[in-house]
Every structure is written in structure tokens, then in C-alpha cells.
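File shown: input-v8.csv (CSV, C-alpha atoms and all ligand atoms).
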chain,number,residue,atom,x,y,z
B,1,MET,CA,0.0,0.0,0.0
B,2,LEU,CA,1.0,3.6,-0.7
B,3,ALA,CA,0.0,6.6,1.3
B,4,LEU,CA,-0.8,9.8,-0.6
B,5,CYS,CA,-1.1,12.7,1.8
B,6,TYR,CA,-2.1,16.3,1.2
B,7,GLY,CA,-4.1,19.1,2.8
B,8,THR,CA,-4.5,22.3,0.9
B,9,ARG,CA,-6.4,23.5,-2.2
B,10,PRO,CA,-3.6,23.1,-4.8
B,11,GLN,CA,-2.7,19.7,-3.3
B,12,VAL,CA,-6.2,18.3,-3.6
B,13,ILE,CA,-6.1,19.4,-7.3
B,14,LYS,CA,-2.8,17.6,-7.9
B,15,ALA,CA,-3.9,14.6,-5.9
B,16,SER,CA,-6.8,14.2,-8.3
B,17,ALA,CA,-4.3,13.1,-11.0
B,18,LEU,CA,-1.8,11.4,-8.7
B,19,ARG,CA,-4.3,9.1,-7.0
B,20,PRO,CA,-5.5,7.2,-10.1
B,21,ALA,CA,-1.9,7.0,-11.5
B,22,LEU,CA,-0.5,5.6,-8.2
B,23,ALA,CA,-3.5,3.2,-7.9
B,24,ARG,CA,-2.1,1.3,-10.9
B,25,LEU,CA,0.7,0.2,-8.6
B,26,GLY,CA,-1.6,-1.1,-5.9
B,27,ARG,CA,-3.8,0.2,-3.1
B,28,VAL,CA,-3.5,3.9,-2.3
B,29,HIS,CA,-4.6,5.2,1.0
B,30,ALA,CA,-5.5,8.9,0.6
B,31,VAL,CA,-5.1,11.2,3.6
B,32,ASP,CA,-6.3,14.8,3.6
B,33,THR,CA,-4.9,16.6,6.7
B,34,GLY,CA,-7.7,19.1,6.6
B,35,GLN,CA,-5.3,22.1,6.6
B,36,HIS,CA,-7.9,23.6,4.2
B,37,TYR,CA,-11.5,22.9,5.1
B,38,ASP,CA,-13.7,25.7,3.6
B,39,HIS,CA,-16.0,24.3,0.9
B,40,ALA,CA,-14.4,26.3,-1.9
B,41,LEU,CA,-10.9,25.2,-0.8
B,42,ASN,CA,-11.6,21.6,-0.2
B,43,ALA,CA,-14.9,19.7,-0.8
B,44,LEU,CA,-15.8,21.7,-4.0
B,45,LEU,CA,-12.5,20.5,-5.6
B,46,TYR,CA,-13.3,16.9,-4.9
B,47,GLU,CA,-16.7,17.4,-6.6
B,48,GLN,CA,-15.3,19.3,-9.6
B,49,LEU,CA,-12.6,16.9,-10.3
B,50,GLY,CA,-14.6,13.8,-9.6
B,51,VAL,CA,-12.3,12.6,-6.8
B,52,ALA,CA,-13.4,10.0,-4.3
B,53,PRO,CA,-13.4,11.3,-0.7
B,54,PRO,CA,-10.1,10.7,1.1
B,55,ASP,CA,-9.8,7.5,3.1
B,56,GLU,CA,-9.0,9.7,6.1
B,57,PHE,CA,-9.6,13.4,6.9
B,58,LEU,CA,-7.4,14.5,9.8
B,59,GLU,CA,-9.3,17.7,10.6
B,60,VAL,CA,-6.2,19.6,11.4
B,61,GLY,CA,-7.6,23.0,10.5
B,62,SER,CA,-5.9,26.4,11.1
B,63,GLY,CA,-3.4,27.5,13.7
B,64,SER,CA,0.0,28.9,14.1
B,65,HIS,CA,2.6,27.3,11.9
B,66,ALA,CA,4.0,25.4,14.9
B,67,GLU,CA,0.5,24.2,16.1
B,68,GLN,CA,-0.6,23.2,12.6
B,69,THR,CA,2.6,21.4,11.7
B,70,ALA,CA,2.7,19.6,15.1
B,71,LEU,CA,-0.9,18.4,14.7
B,72,ILE,CA,-0.2,17.2,11.2
B,73,LEU,CA,2.9,15.4,12.4
B,74,THR,CA,1.3,13.6,15.4
B,75,ARG,CA,-2.0,12.7,13.6
B,76,THR,CA,-0.1,11.4,10.5
B,77,GLU,CA,2.2,9.4,12.7
B,78,GLY,CA,-0.8,7.5,14.1
B,79,VAL,CA,-2.1,6.8,10.6
B,80,LEU,CA,1.3,5.6,9.3
B,81,ALA,CA,1.9,3.4,12.3
B,82,ARG,CA,-1.4,1.7,11.6
B,83,LEU,CA,-1.0,1.4,7.8
B,84,GLN,CA,2.8,0.7,7.4
B,85,PRO,CA,2.7,1.9,3.8
B,86,ARG,CA,5.5,1.0,1.4
B,87,ALA,CA,6.1,4.7,0.7
B,88,VAL,CA,4.5,8.1,1.5
B,89,VAL,CA,3.8,10.6,-1.3
B,90,VAL,CA,3.7,14.3,-0.5
B,91,ILE,CA,3.2,17.3,-2.7
B,92,GLY,CA,4.7,20.8,-2.7
B,93,ASP,CA,5.7,23.0,0.2
B,94,THR,CA,2.9,23.5,2.7
B,95,ASN,CA,2.8,22.7,6.4
B,96,SER,CA,1.0,19.5,5.4
B,97,THR,CA,3.9,18.5,3.2
B,98,LEU,CA,6.4,19.0,6.0
B,99,GLY,CA,4.4,17.4,8.8
B,100,VAL,CA,3.6,14.3,6.8
B,101,ALA,CA,7.1,13.9,5.4
B,102,LEU,CA,8.6,14.3,8.9
B,103,ALA,CA,6.2,11.7,10.4
B,104,ALA,CA,7.1,9.3,7.6
B,105,ALA,CA,10.8,9.8,7.7
B,106,LYS,CA,10.9,9.4,11.5
B,107,ARG,CA,9.3,6.0,10.9
B,108,ARG,CA,11.9,5.3,8.2
B,109,LEU,CA,9.3,5.1,5.5
B,110,PRO,CA,10.5,6.2,2.1
B,111,VAL,CA,9.2,9.7,1.3
B,112,VAL,CA,8.4,10.7,-2.3
B,113,HIS,CA,8.4,14.4,-2.8
B,114,VAL,CA,6.4,15.6,-5.8
B,115,GLU,CA,7.3,19.1,-6.9
B,116,ALA,CA,10.8,18.8,-5.5
B,117,GLY,CA,13.8,21.1,-6.0
B,118,LEU,CA,12.1,24.6,-6.2
B,119,ARG,CA,13.9,27.4,-4.4
B,120,ALA,CA,13.3,31.0,-3.4
B,121,ARG,CA,15.9,33.4,-2.0
B,122,ASP,CA,14.1,33.9,1.3
B,123,ARG,CA,15.3,31.0,3.3
B,124,LEU,CA,13.0,31.7,6.2
B,125,MET,CA,9.8,31.9,4.2
B,126,ALA,CA,7.4,29.2,5.5
B,127,GLU,CA,7.2,27.4,2.1
B,128,GLU,CA,11.0,27.6,1.6
B,129,LEU,CA,11.7,26.0,5.0
B,130,ASN,CA,9.1,23.3,4.3
B,131,ARG,CA,10.4,22.4,0.8
B,132,ARG,CA,14.1,22.4,1.8
B,133,MET,CA,13.4,20.0,4.7
B,134,VAL,CA,11.2,17.7,2.7
B,135,ASP,CA,13.7,17.5,-0.1
B,136,ALA,CA,16.3,16.5,2.5
B,137,MET,CA,14.1,13.7,3.8
B,138,ALA,CA,12.9,12.3,0.5
B,139,SER,CA,14.1,9.0,-1.1
B,140,LEU,CA,12.6,10.0,-4.4
B,141,LEU,CA,12.6,13.6,-5.7
B,142,CYS,CA,10.1,14.2,-8.5
B,143,THR,CA,11.0,17.5,-10.1
B,144,PRO,CA,8.8,19.7,-12.4
B,145,CYS,CA,11.6,21.3,-14.5
B,146,ALA,CA,15.3,21.1,-15.5
B,147,ALA,CA,16.6,23.6,-13.0
B,148,ALA,CA,15.0,21.7,-10.1
B,149,THR,CA,16.5,18.5,-11.4
B,150,THR,CA,20.0,19.9,-11.6
B,151,ARG,CA,19.7,21.4,-8.1
B,152,MET,CA,18.5,18.2,-6.6
B,153,ARG,CA,21.2,16.1,-8.2
B,154,GLN,CA,23.7,18.5,-6.6
B,155,GLU,CA,22.1,18.9,-3.2
B,156,HIS,CA,21.0,15.2,-2.8
B,157,PRO,CA,23.3,12.9,-4.7
B,158,GLY,CA,22.1,9.9,-2.7
B,159,ALA,CA,18.4,10.3,-3.6
B,160,ALA,CA,16.6,9.2,-6.7
B,161,VAL,CA,15.9,12.3,-8.8
B,162,VAL,CA,13.4,12.0,-11.6
B,163,GLU,CA,12.2,14.9,-13.8
B,164,THR,CA,8.5,14.1,-14.2
B,165,GLY,CA,7.1,17.5,-15.1
B,166,ASP,CA,4.4,19.3,-13.2
B,167,VAL,CA,1.3,17.3,-12.2
B,168,ALA,CA,-0.8,20.5,-12.2
B,169,PHE,CA,-0.4,20.5,-16.0
B,170,ASP,CA,-2.0,17.0,-16.2
B,171,VAL,CA,-5.0,18.3,-14.3
B,172,LEU,CA,-5.4,21.4,-16.4
B,173,ARG,CA,-5.2,19.5,-19.7
B,174,GLY,CA,-7.9,17.2,-18.4
B,175,VAL,CA,-10.4,20.0,-17.8
B,176,ARG,CA,-9.4,22.6,-20.4
B,177,GLY,CA,-12.2,21.6,-22.8
B,178,ARG,CA,-14.9,22.2,-20.2
B,179,LEU,CA,-14.2,25.7,-18.9
B,180,ALA,CA,-17.1,28.1,-18.7
B,181,SER,CA,-17.2,31.6,-20.1
B,182,PRO,CA,-16.0,34.4,-17.6
B,183,ALA,CA,-19.6,35.8,-17.5
B,184,ALA,CA,-20.9,32.4,-16.4
B,185,VAL,CA,-18.6,32.7,-13.4
B,186,VAL,CA,-18.9,36.4,-12.6
B,187,PRO,CA,-22.2,37.8,-14.0
B,188,GLY,CA,-21.6,40.8,-16.3
B,189,LEU,CA,-17.9,40.2,-16.6
B,190,GLU,CA,-16.8,40.7,-20.2
B,191,PRO,CA,-13.2,40.8,-21.6
B,192,PRO,CA,-11.0,42.6,-21.5
B,193,TYR,CA,-10.4,42.3,-17.8
B,194,LEU,CA,-7.7,41.3,-15.4
B,195,PHE,CA,-8.0,38.3,-13.0
B,196,ALA,CA,-6.2,38.6,-9.6
B,197,THR,CA,-5.6,36.5,-6.6
B,198,LEU,CA,-3.5,37.5,-3.5
B,199,HIS,CA,-3.1,35.3,-0.5
B,200,ARG,CA,0.5,34.9,0.6
B,201,ALA,CA,1.5,35.7,4.2
B,202,GLU,CA,4.1,38.2,2.9
B,203,LEU,CA,1.2,40.3,1.8
B,204,THR,CA,-1.7,39.5,4.1
B,205,ASP,CA,0.5,40.1,7.2
B,206,ARG,CA,1.2,43.7,6.0
B,207,PRO,CA,-2.2,45.4,5.7
B,208,GLU,CA,-0.8,48.7,4.4
B,209,VAL,CA,1.0,46.9,1.6
B,210,LEU,CA,-2.0,44.7,0.8
B,211,ALA,CA,-4.2,47.9,0.7
B,212,GLY,CA,-1.7,49.5,-1.6
B,213,VAL,CA,-1.8,46.6,-4.1
B,214,LEU,CA,-5.6,46.7,-4.1
B,215,ARG,CA,-5.7,50.4,-4.8
B,216,ALA,CA,-3.1,50.0,-7.6
B,217,LEU,CA,-5.3,47.3,-9.1
B,218,GLY,CA,-8.4,49.5,-8.7
B,219,ASP,CA,-6.7,52.4,-10.5
B,220,LEU,CA,-5.8,50.4,-13.6
B,221,GLU,CA,-7.5,51.2,-16.8
B,222,LEU,CA,-8.9,47.7,-17.3
B,223,PRO,CA,-11.4,46.4,-14.8
B,224,SER,CA,-10.1,43.7,-12.4
B,225,VAL,CA,-11.7,40.8,-10.5
B,226,LEU,CA,-10.0,39.6,-7.3
B,227,ALA,CA,-11.0,36.1,-6.0
B,228,VAL,CA,-10.5,36.5,-2.3
B,229,HIS,CA,-8.8,33.7,-0.3
B,230,PRO,CA,-10.2,33.4,3.3
B,231,ARG,CA,-6.9,34.5,4.7
B,232,THR,CA,-7.0,37.7,2.5
B,233,ARG,CA,-10.6,38.3,3.5
B,234,ALA,CA,-9.6,38.1,7.2
B,235,ALA,CA,-6.7,40.5,6.6
B,236,LEU,CA,-8.9,43.0,4.8
B,237,ALA,CA,-11.6,42.8,7.5
B,238,ALA,CA,-9.0,43.3,10.2
B,239,SER,CA,-7.9,46.6,8.5
B,240,GLY,CA,-11.5,47.7,8.0
B,241,LEU,CA,-11.6,47.0,4.2
B,242,THR,CA,-15.0,45.2,3.7
B,243,ALA,CA,-16.2,46.8,0.5
B,244,ASP,CA,-16.6,44.6,-2.5
B,245,ARG,CA,-15.2,47.2,-4.9
B,246,VAL,CA,-12.0,49.3,-4.8
B,247,GLY,CA,-12.1,51.6,-7.8
B,248,ARG,CA,-12.4,49.4,-10.9
B,249,LEU,CA,-11.4,46.3,-8.8
B,250,ARG,CA,-14.3,43.9,-7.9
B,251,LEU,CA,-13.8,41.5,-5.0
B,252,ILE,CA,-15.5,38.1,-5.2
B,253,PRO,CA,-15.4,35.2,-2.8
B,254,ALA,CA,-12.8,32.4,-3.4
B,255,VAL,CA,-13.9,30.4,-6.4
B,256,GLY,CA,-13.4,26.7,-7.3
B,257,TYR,CA,-10.7,25.3,-9.6
B,258,LEU,CA,-12.8,25.2,-12.7
B,259,GLU,CA,-14.1,28.8,-12.2
B,260,SER,CA,-10.5,30.0,-11.5
B,261,LEU,CA,-9.2,28.5,-14.7
B,262,ALA,CA,-12.2,29.9,-16.6
B,263,LEU,CA,-11.4,33.4,-15.3
B,264,VAL,CA,-7.7,32.9,-16.2
B,265,GLN,CA,-8.5,31.7,-19.7
B,266,GLY,CA,-10.7,34.7,-20.4
B,267,ALA,CA,-8.4,37.3,-18.9
B,268,ALA,CA,-6.2,39.9,-20.7
B,269,ALA,CA,-3.7,39.3,-18.0
B,270,VAL,CA,-3.4,37.7,-14.5
B,271,VAL,CA,-2.1,39.5,-11.4
B,272,THR,CA,-1.2,37.1,-8.6
B,273,ASP,CA,1.1,35.9,-5.9
B,274,SER,CA,0.1,32.2,-6.3
B,275,GLY,CA,2.5,29.8,-7.8
B,276,GLY,CA,-0.4,27.8,-9.2
B,277,LEU,CA,-1.8,30.7,-11.1
B,278,GLN,CA,1.5,31.7,-12.5
B,279,ARG,CA,1.8,28.3,-14.2
B,280,GLU,CA,-1.8,28.1,-15.2
B,281,ALA,CA,-1.6,31.5,-16.9
B,282,TYR,CA,1.7,30.3,-18.6
B,283,TRP,CA,0.0,27.1,-19.9
B,284,LEU,CA,-3.2,29.0,-21.0
B,285,GLY,CA,-1.2,31.6,-22.9
B,286,VAL,CA,-2.3,34.5,-20.6
B,287,PRO,CA,0.4,37.0,-19.6
B,288,CYS,CA,1.0,37.3,-15.8
B,289,VAL,CA,2.3,39.9,-13.3
B,290,THR,CA,3.4,38.3,-10.1
B,291,VAL,CA,3.2,40.5,-7.0
B,292,ARG,CA,6.3,39.2,-5.3
B,293,GLY,CA,10.0,40.1,-5.4
B,294,GLU,CA,10.9,36.6,-6.7
B,295,THR,CA,9.3,33.4,-8.0
B,296,GLU,CA,10.2,29.8,-7.8
B,297,TRP,CA,8.8,29.4,-11.3
B,298,GLU,CA,11.6,31.4,-12.9
B,299,GLU,CA,11.1,29.8,-16.4
B,300,THR,CA,7.8,31.7,-16.7
B,301,VAL,CA,9.8,35.0,-16.3
B,302,ALA,CA,12.5,33.8,-18.6
B,303,ALA,CA,9.9,33.2,-21.3
B,304,GLY,CA,8.5,36.7,-20.8
B,305,ALA,CA,5.2,35.2,-19.8
B,306,ASN,CA,5.6,36.5,-16.3
B,307,ARG,CA,6.9,39.8,-14.7
B,308,LEU,CA,7.6,40.5,-11.1
B,309,VAL,CA,6.4,43.4,-9.1
B,310,PRO,CA,7.6,43.6,-5.4
B,311,PRO,CA,4.4,44.2,-3.3
B,312,ALA,CA,5.7,47.4,-1.6
B,313,GLN,CA,6.4,48.9,-5.1
B,314,ALA,CA,3.0,47.9,-6.6
B,315,PRO,CA,1.5,51.4,-6.2
B,316,GLU,CA,4.3,52.8,-8.5
B,317,THR,CA,5.2,49.9,-10.8
B,318,LEU,CA,2.1,47.7,-11.2
B,319,PRO,CA,0.5,49.9,-14.0
B,320,ALA,CA,3.6,49.8,-16.1
B,321,ALA,CA,4.2,46.1,-15.5
B,322,VAL,CA,0.6,45.3,-16.6
B,323,THR,CA,0.9,47.5,-19.7
B,324,ALA,CA,4.2,46.0,-20.6
B,325,GLN,CA,2.8,42.5,-20.5
B,326,LEU,CA,-0.3,43.5,-22.5
B,327,ASP,CA,1.9,45.2,-25.1
B,328,ARG,CA,4.4,42.4,-25.3
B,329,TRP,CA,1.7,39.8,-26.0
B,330,PRO,CA,-0.9,41.1,-28.3
B,331,ALA,CA,-3.5,38.5,-29.4
B,332,GLY,CA,-2.1,35.6,-31.3
B,333,ARG,CA,1.5,36.0,-30.1
B,334,ARG,CA,2.4,33.5,-27.4
B,335,TRP,CA,5.4,31.7,-25.9
B,336,THR,CA,5.8,27.9,-26.0
B,337,PRO,CA,4.8,26.6,-22.6
B,338,ASP,CA,7.2,23.7,-22.5
B,339,ALA,CA,9.2,24.3,-19.3
B,340,TYR,CA,7.2,22.0,-17.0
B,341,GLY,CA,6.7,18.8,-19.0
B,342,THR,CA,4.0,17.7,-21.3
B,343,GLY,CA,1.1,17.0,-18.8
B,344,GLN,CA,1.9,13.4,-18.2
B,345,ALA,CA,3.6,13.9,-14.8
B,346,ALA,CA,1.3,11.7,-12.8
B,347,SER,CA,2.2,8.5,-14.7
B,348,ALA,CA,5.9,9.5,-14.7
B,349,ILE,CA,5.7,9.8,-10.9
B,350,ALA,CA,4.0,6.4,-10.6
B,351,HIS,CA,6.6,4.9,-12.8
B,352,ALA,CA,9.4,6.4,-10.6
B,353,VAL,CA,7.7,5.2,-7.4
B,354,ASP,CA,7.4,1.7,-8.9
B,355,ALA,CA,11.2,1.8,-9.7
B,356,LEU,CA,12.0,3.1,-6.2
B,357,LEU,CA,10.2,0.2,-4.6
B,358,ALA,CA,11.2,-2.5,-7.0
B,359,PRO,CA,13.3,-5.2,-5.3
B,360,THR,CA,16.2,-4.9,-7.7
B,361,THR,CA,20.0,-4.5,-7.1
B,362,ASP,CA,21.3,-1.3,-5.7
B,363,THR,CA,22.0,1.6,-8.1
B,364,PRO,CA,23.9,4.7,-7.0
B,365,SER,CA,20.8,6.9,-7.5
B,366,ARG,CA,18.5,4.7,-5.4
B,367,ARG,CA,18.3,5.7,-1.8
B,368,ALA,CA,15.3,3.4,-1.3
B,369,ALA,CA,17.8,0.5,-1.4
B,370,GLU,CA,19.2,1.6,2.0
B,371,PRO,CA,18.5,-1.2,4.4
B,372,SER,CA,16.4,0.9,6.8
B,373,HIS,CA,14.0,1.8,4.0
B,374,ARG,CA,13.8,-1.7,2.7
B,375,GLN,CA,12.9,-3.0,6.2
B,376,ALA,CA,10.3,-0.4,6.8
B,377,ALA,CA,8.8,-0.8,3.4
B,378,GLY,CA,8.2,-4.5,4.3
B,401,LIG,C1,-1.3,27.4,2.4
B,401,LIG,C2,0.2,27.2,2.2
B,401,LIG,C3,0.6,27.9,0.9
B,401,LIG,C4,-0.2,27.6,-0.3
B,401,LIG,C5,-1.7,27.8,0.1
B,401,LIG,C6,-2.6,27.4,-1.0
B,401,LIG,C7,1.5,26.8,4.2
B,401,LIG,C8,2.6,27.3,5.1
B,401,LIG,N1,1.0,27.6,3.3
B,401,LIG,O1,-1.4,28.8,2.7
B,401,LIG,O2,2.0,27.5,0.6
B,401,LIG,O3,0.1,28.4,-1.4
B,401,LIG,O4,-2.0,27.1,1.3
B,401,LIG,O5,-3.9,27.9,-0.9
B,401,LIG,O6,1.2,25.6,4.3
B,401,LIG,N2,-8.4,29.6,6.2
B,401,LIG,C9,-9.8,29.5,6.1
B,401,LIG,N3,-10.3,28.4,5.6
B,401,LIG,C10,-9.6,27.4,5.1
B,401,LIG,C11,-8.2,27.5,5.2
B,401,LIG,C12,-7.6,28.6,5.7
B,401,LIG,O7,-10.5,30.4,6.5
B,401,LIG,O8,-10.1,26.4,4.6
B,401,LIG,C13,-7.8,30.8,6.7
B,401,LIG,C14,-7.5,30.8,8.2
B,401,LIG,O9,-7.7,32.0,8.7
B,401,LIG,C15,-6.0,30.4,8.3
B,401,LIG,C16,-5.5,31.1,7.1
B,401,LIG,O10,-6.5,31.0,6.1
B,401,LIG,O11,-5.4,30.8,9.4
B,401,LIG,C17,-4.2,30.6,6.5
B,401,LIG,O12,-4.4,29.2,6.2
B,401,LIG,P1,-3.1,28.2,6.1
B,401,LIG,O13,-3.5,26.9,5.7
B,401,LIG,O14,-2.3,28.4,7.3
B,401,LIG,O15,-2.3,28.9,4.9
B,401,LIG,P2,-2.6,29.4,3.5
B,401,LIG,O16,-2.5,30.9,3.4
B,401,LIG,O17,-3.9,28.9,3.0
What is this structure when it is put down as C-alpha cells?
Amino acid sequence: MLALCYGTRPQVIKASALRPALARLGRVHAVDTGQHYDHALNALLYEQLGVAPPDEFLEVGSGSHAEQTALILTRTEGVLARLQPRAVVVIGDTNSTLGVALAAAKRRLPVVHVEAGLRARDRLMAEELNRRMVDAMASLLCTPCAAATTRMRQEHPGAAVVETGDVAFDVLRGVRGRLASPAAVVPGLEPPYLFATLHRAELTDRPEVLAGVLRALGDLELPSVLAVHPRTRAALAASGLTADRVGRLRLIPAVGYLESLALVQGAAAVVTDSGGLQREAYWLGVPCVTVRGETEWEETVAAGANRLVPPAQAPETLPAAVTAQLDRWPAGRRWTPDAYGTGQAASAIAHAVDALLAPTTDTPSRRAAEPSHRQAAG
């Protein structure tokens, strides 16, 4: 048996492709930590992507990073002790990724890290801490792109490193043909418009910077729609911003996966701090402006598809960045979105897991062949 563990919105989306692919190797026990629990961030995604409910929902919920990670760690430990899976598959860089990987590694179970090898400069950012530690614990590092592969081979020469591409592309390819029109998602919304999402702690923890970004969006020539993550909603409410309009910016509640993609596809450009949206815009041929000082998805910037605006500078530089992206990519002119694989990552990951667990002779790139892992995999 394999354990597939996840807990946030983007991880439920990626698990929808991973679960059936891994199931071809044998039984998969799906564990949702419950880090995200709101309908739009959890149950709705299972519905939209036709995913069976998880085998276990750990109801971890929100808390400080320490509380949340500790709860994920202890609750997952109980699950893993009971199940004794052959390997534990985790995705990305959230507190769920870290808590589960740590529980698994402490029990000497092989950890498979999907979306391994990404890096940001800020070493103390929560996601950066999480992904560095999980990369260090993993037996199999499944990378989305060439730069991550090179980095993992340098940093972790004892682990198996397989460049599988990005599983988010698999999911997008599967639903692309059934996206609604923007007006079906937001009544009255007609192109041209900008679609925005903002949720990262670097922004929500600084109310004056967040307000500055919203005002900059509202002052743009094109109308914008911001789908508001619950954390952003809480940050806005705390600073007294409860209006559903700021200039030409319209605020709507968080939307499901299909609605979000529909809004990206119909947009003239996307303005976001989400890693997921940066790639979705890249794949859908929509120019992006990322409200961060850096991005882990640097290939999107290298292609010209994405442009960075540090949050504190947004009031001055956002208008020029949006205009530059719109000018650079008039209709019909698009980049080739080939940096993150071909949309067949889930089966490549399953193949790599199969190879990791196969009882063959040792190879230098196979950490799973270490005795402790073999015993635990039992
Ligand atoms: C988490 C991940 C982030 C990822 C994002 C995807 C970490 C450290 N961060 O950020 O990497 O990009 O998920 O969306 O794991 N909340 C709700 N309802 C929910 C979930 C959260 O209201 O269903 C609110 C709570 O106030 C909570 C806050 O959002 O305290 C933050 O939630 P949390 O899971 O800690 O982090 P995200 O910002 O969602």
C-alpha cells in the first residue's frame, strides 16, 4: 500500500491526477490533513474533479505554523503506524507536506516528494523552509523542471531524482475543454479584464502593503476581479476593508478550480502571488504579473510570460508592468509553454515510485535501497 497525503487546495487538485496513477501500482490510502477545510478550498474541488473522498480526513484546521505542523505530524504518525505503507507521497511545500514527510521519515518510511527542487531566496519563508526540509528527507525527488533536477542532483546525490514535469499541467489538460465563459462565473464580466488572486502571508501580514496593491489594481484602466482567499478576506476585514469594490477592482469570494481556470483563460492578464496561477496562466497563454520580489517558477519569467512586481512597489510599478505584459503579448503571439513537462507527470511519478520500490539490485541513485527503508517498506 502507498499513502498519498495532502491538505491544501492546490494539493487536492494535484492529488486528483496522482491518485489514479498511483493506484495502478496497488492500493492507495489517501489522507487529507484538513489544513484547508472551507468548501471552496476543499470539498468543492473533490466534486469538480470527480475525486473520491479521502480515506482519512485528519481535521487539522488552522493554527500557528507550529501548532498546525505539530498536529499534522502527530496525527499522521498514528495513521502511518497503523498502515505501514511502502512509501508516503507528499506534494509541494505546505505545512501538510512537511508534517507528513517528517512523520514518515521518522518511521523510516520512504518519502516521495512531488514538486521537489524549487527554491526561493528567502530561506525563512514558510514554504521555503518546508520544501528544503522535505527535499532533504525524501528518497525520491520528482522534479517539475530542468533547473530543479540539476539542483536536486547537486544537493541530494544519494536520492533518486526523476524529472517528471508538473502534475498541475496534467489536471489542467484534463479540464481545459470544459471551462465556462467568464460571464458564467462572474455575472456581467466581459473581456477585456484582469483576473487577480492574492493570499500569501508576505502580503496578508502587511495590511498597508495589501491595501496599496488593491488600490493599484483598482486604479488600472482595465477592470479587475479579485477572488479573495479566506486569509486575505480576514486580513482585509481586520484593517476595515470590507467593500466589494475598490475603484475598478471587484472583490468576489474564493472560487473553485474550474471557475478560477475559466477566469484565467478569459483574462487579458493575471495578477497574482500564487505559484499555481503563474503556471496556469503560462499554460493557457495569458500574460502574468506576479506581486512578489521573486518566483520559484523562474522559467515563466525567462519566457517573458511573467513579470515580477515587489508588493511594496506595486502602487508605483504595477500599472507599467501590466501595460508592458499586454503590449508584449498582443492576441495571437504567445510563448511555447514547455518548461514543466507535457502534462503526463502523474504517470511518470507512478513509474518512478514503482522503480523506487522494486526489489532490484542497488544503483547509486536509489536511496530506497538503503536497508532501513527496505525493512520499513516491508
Ligand atoms: C497554504 C500554504 C501555501 C499555499 C496555500 C494554497 C503553508 C505554510 N502555506 O497557505 O503554501 O500556497 O495554502 O492555498 O502551508 N483559512 C480559512 N479556511 C480554510 C483554510 C484557511 O479560513 O479552509 C484561513 C484561516 O484564517 C487560516 C489562514 O486562512 O489561518 C491561513 O491558512 P493556512 O492553511 O495556514 O495557509 P494558506 O495561506 O492557505
Task: Surroundings of ligand LIG 401 (chain B) up to 8 Å, based on all atoms listed in the file, as an MDAnalysis selection string - done: chainID B and resid 8:10 34:42 61:65 68 92:97 126:127 130 199:201 229:232 234 274:276
Open item on the list: Report, in Å to a single decimal, how far apart CA of Leu214 in chain B and CA of Val289 in chain B are.
Closed with: 13.9 Å
For range 42-61 of chain B versus range 160-174 of chain B, which residues have an atom no more than 12 Å away, and what is each residue's nearest atom pair and distance in Å rounded to one decimal, using all atoms listed in the file, chain-then-number order, as a Markdown table?
| residue | atom | partner | partner_atom | distance |
| --- | --- | --- | --- | --- |
| B:Leu45 | CA | B:Val171 | CA | 11.7 |
| B:Gln48 | CA | B:Val171 | CA | 11.4 |
| B:Leu49 | CA | B:Val171 | CA | 8.7 |
| B:Gly50 | CA | B:Gly174 | CA | 11.6 |
| B:Val51 | CA | B:Val171 | CA | 11.9 |
Could you save the residues just selected, with C-alpha atoms, as an mmCIF file, keeping the file's coordinate frame?
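again.cif was written with the following content:
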data_model
loop_
_atom_site.group_PDB
_atom_site.id
_atom_site.type_symbol
_atom_site.label_atom_id
_atom_site.label_comp_id
_atom_site.auth_asym_id
_atom_site.auth_seq_id
_atom_site.Cartn_x
_atom_site.Cartn_y
_atom_site.Cartn_z
ATOM 1 C CA LEU B 45 -12.500 20.500 -5.600
ATOM 2 C CA GLN B 48 -15.300 19.300 -9.600
ATOM 3 C CA LEU B 49 -12.600 16.900 -10.300
ATOM 4 C CA GLY B 50 -14.600 13.800 -9.600
ATOM 5 C CA VAL B 51 -12.300 12.600 -6.800
#
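The spacing separating CA of Ala269 in chain B from CA of Gln344 in chain B amounts to 26.5 Å.
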Taking a cut-off of 7 Å and counting all atoms listed in the file, can you build a table that, for each residue of range 231-334 of chain B near range 115-121 of chain B, reports the nearest atom pair and how far apart they are in Å (one decimal), sorted by chain then residue number, as JSON lines?
{"residue": "B:Glu294", "atom": "CA", "partner": "B:Ala120", "partner_atom": "CA", "distance": 6.9}
{"residue": "B:Thr295", "atom": "CA", "partner": "B:Ala120", "partner_atom": "CA", "distance": 6.6}
{"residue": "B:Glu296", "atom": "CA", "partner": "B:Ala120", "partner_atom": "CA", "distance": 5.5}
Open item on the list: Between CA of Tyr6 in chain B and CA of Arg292 in chain B, what is the distance in Å, rounded to a tenth?
Closed with: 25.2 Å
Open item on the list: I want to know what sits within 12 Å of Leu308 in chain B, based on only C-alpha atoms, with residues of the same chain fewer than 3 positions away left out; could you give that as a PyMOL selection string?
Closed with: chain B and resi 270-273+278+287-298+300-302+304-305+311-314+317-318+320-322+324-325
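Across B:Ala267, B:Leu277, B:Leu236, B:Val185, the tightest approach to Leu222 in chain B is made by B:Ala267 when counting only C-alpha atoms.
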Task: Among listed residues B:Glu56, B:Cys5, B:Pro191, B:Ala238, nearest Ala101 in chain B (using all atoms listed in the file) - done: B:Cys5
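Comparing the minimum interatomic distances between Asp55 in chain B and each of B:Ala3, B:Leu141, B:Leu217, B:Leu263, counting only C-alpha atoms, we find that B:Ala3 sits nearest.
For the residues B:Met1, B:Thr360, B:Ala52, B:Thr74, ranking by smallest atom-to-atom distance to Arg27 in chain B using all atoms listed in the file places B:Met1 first.
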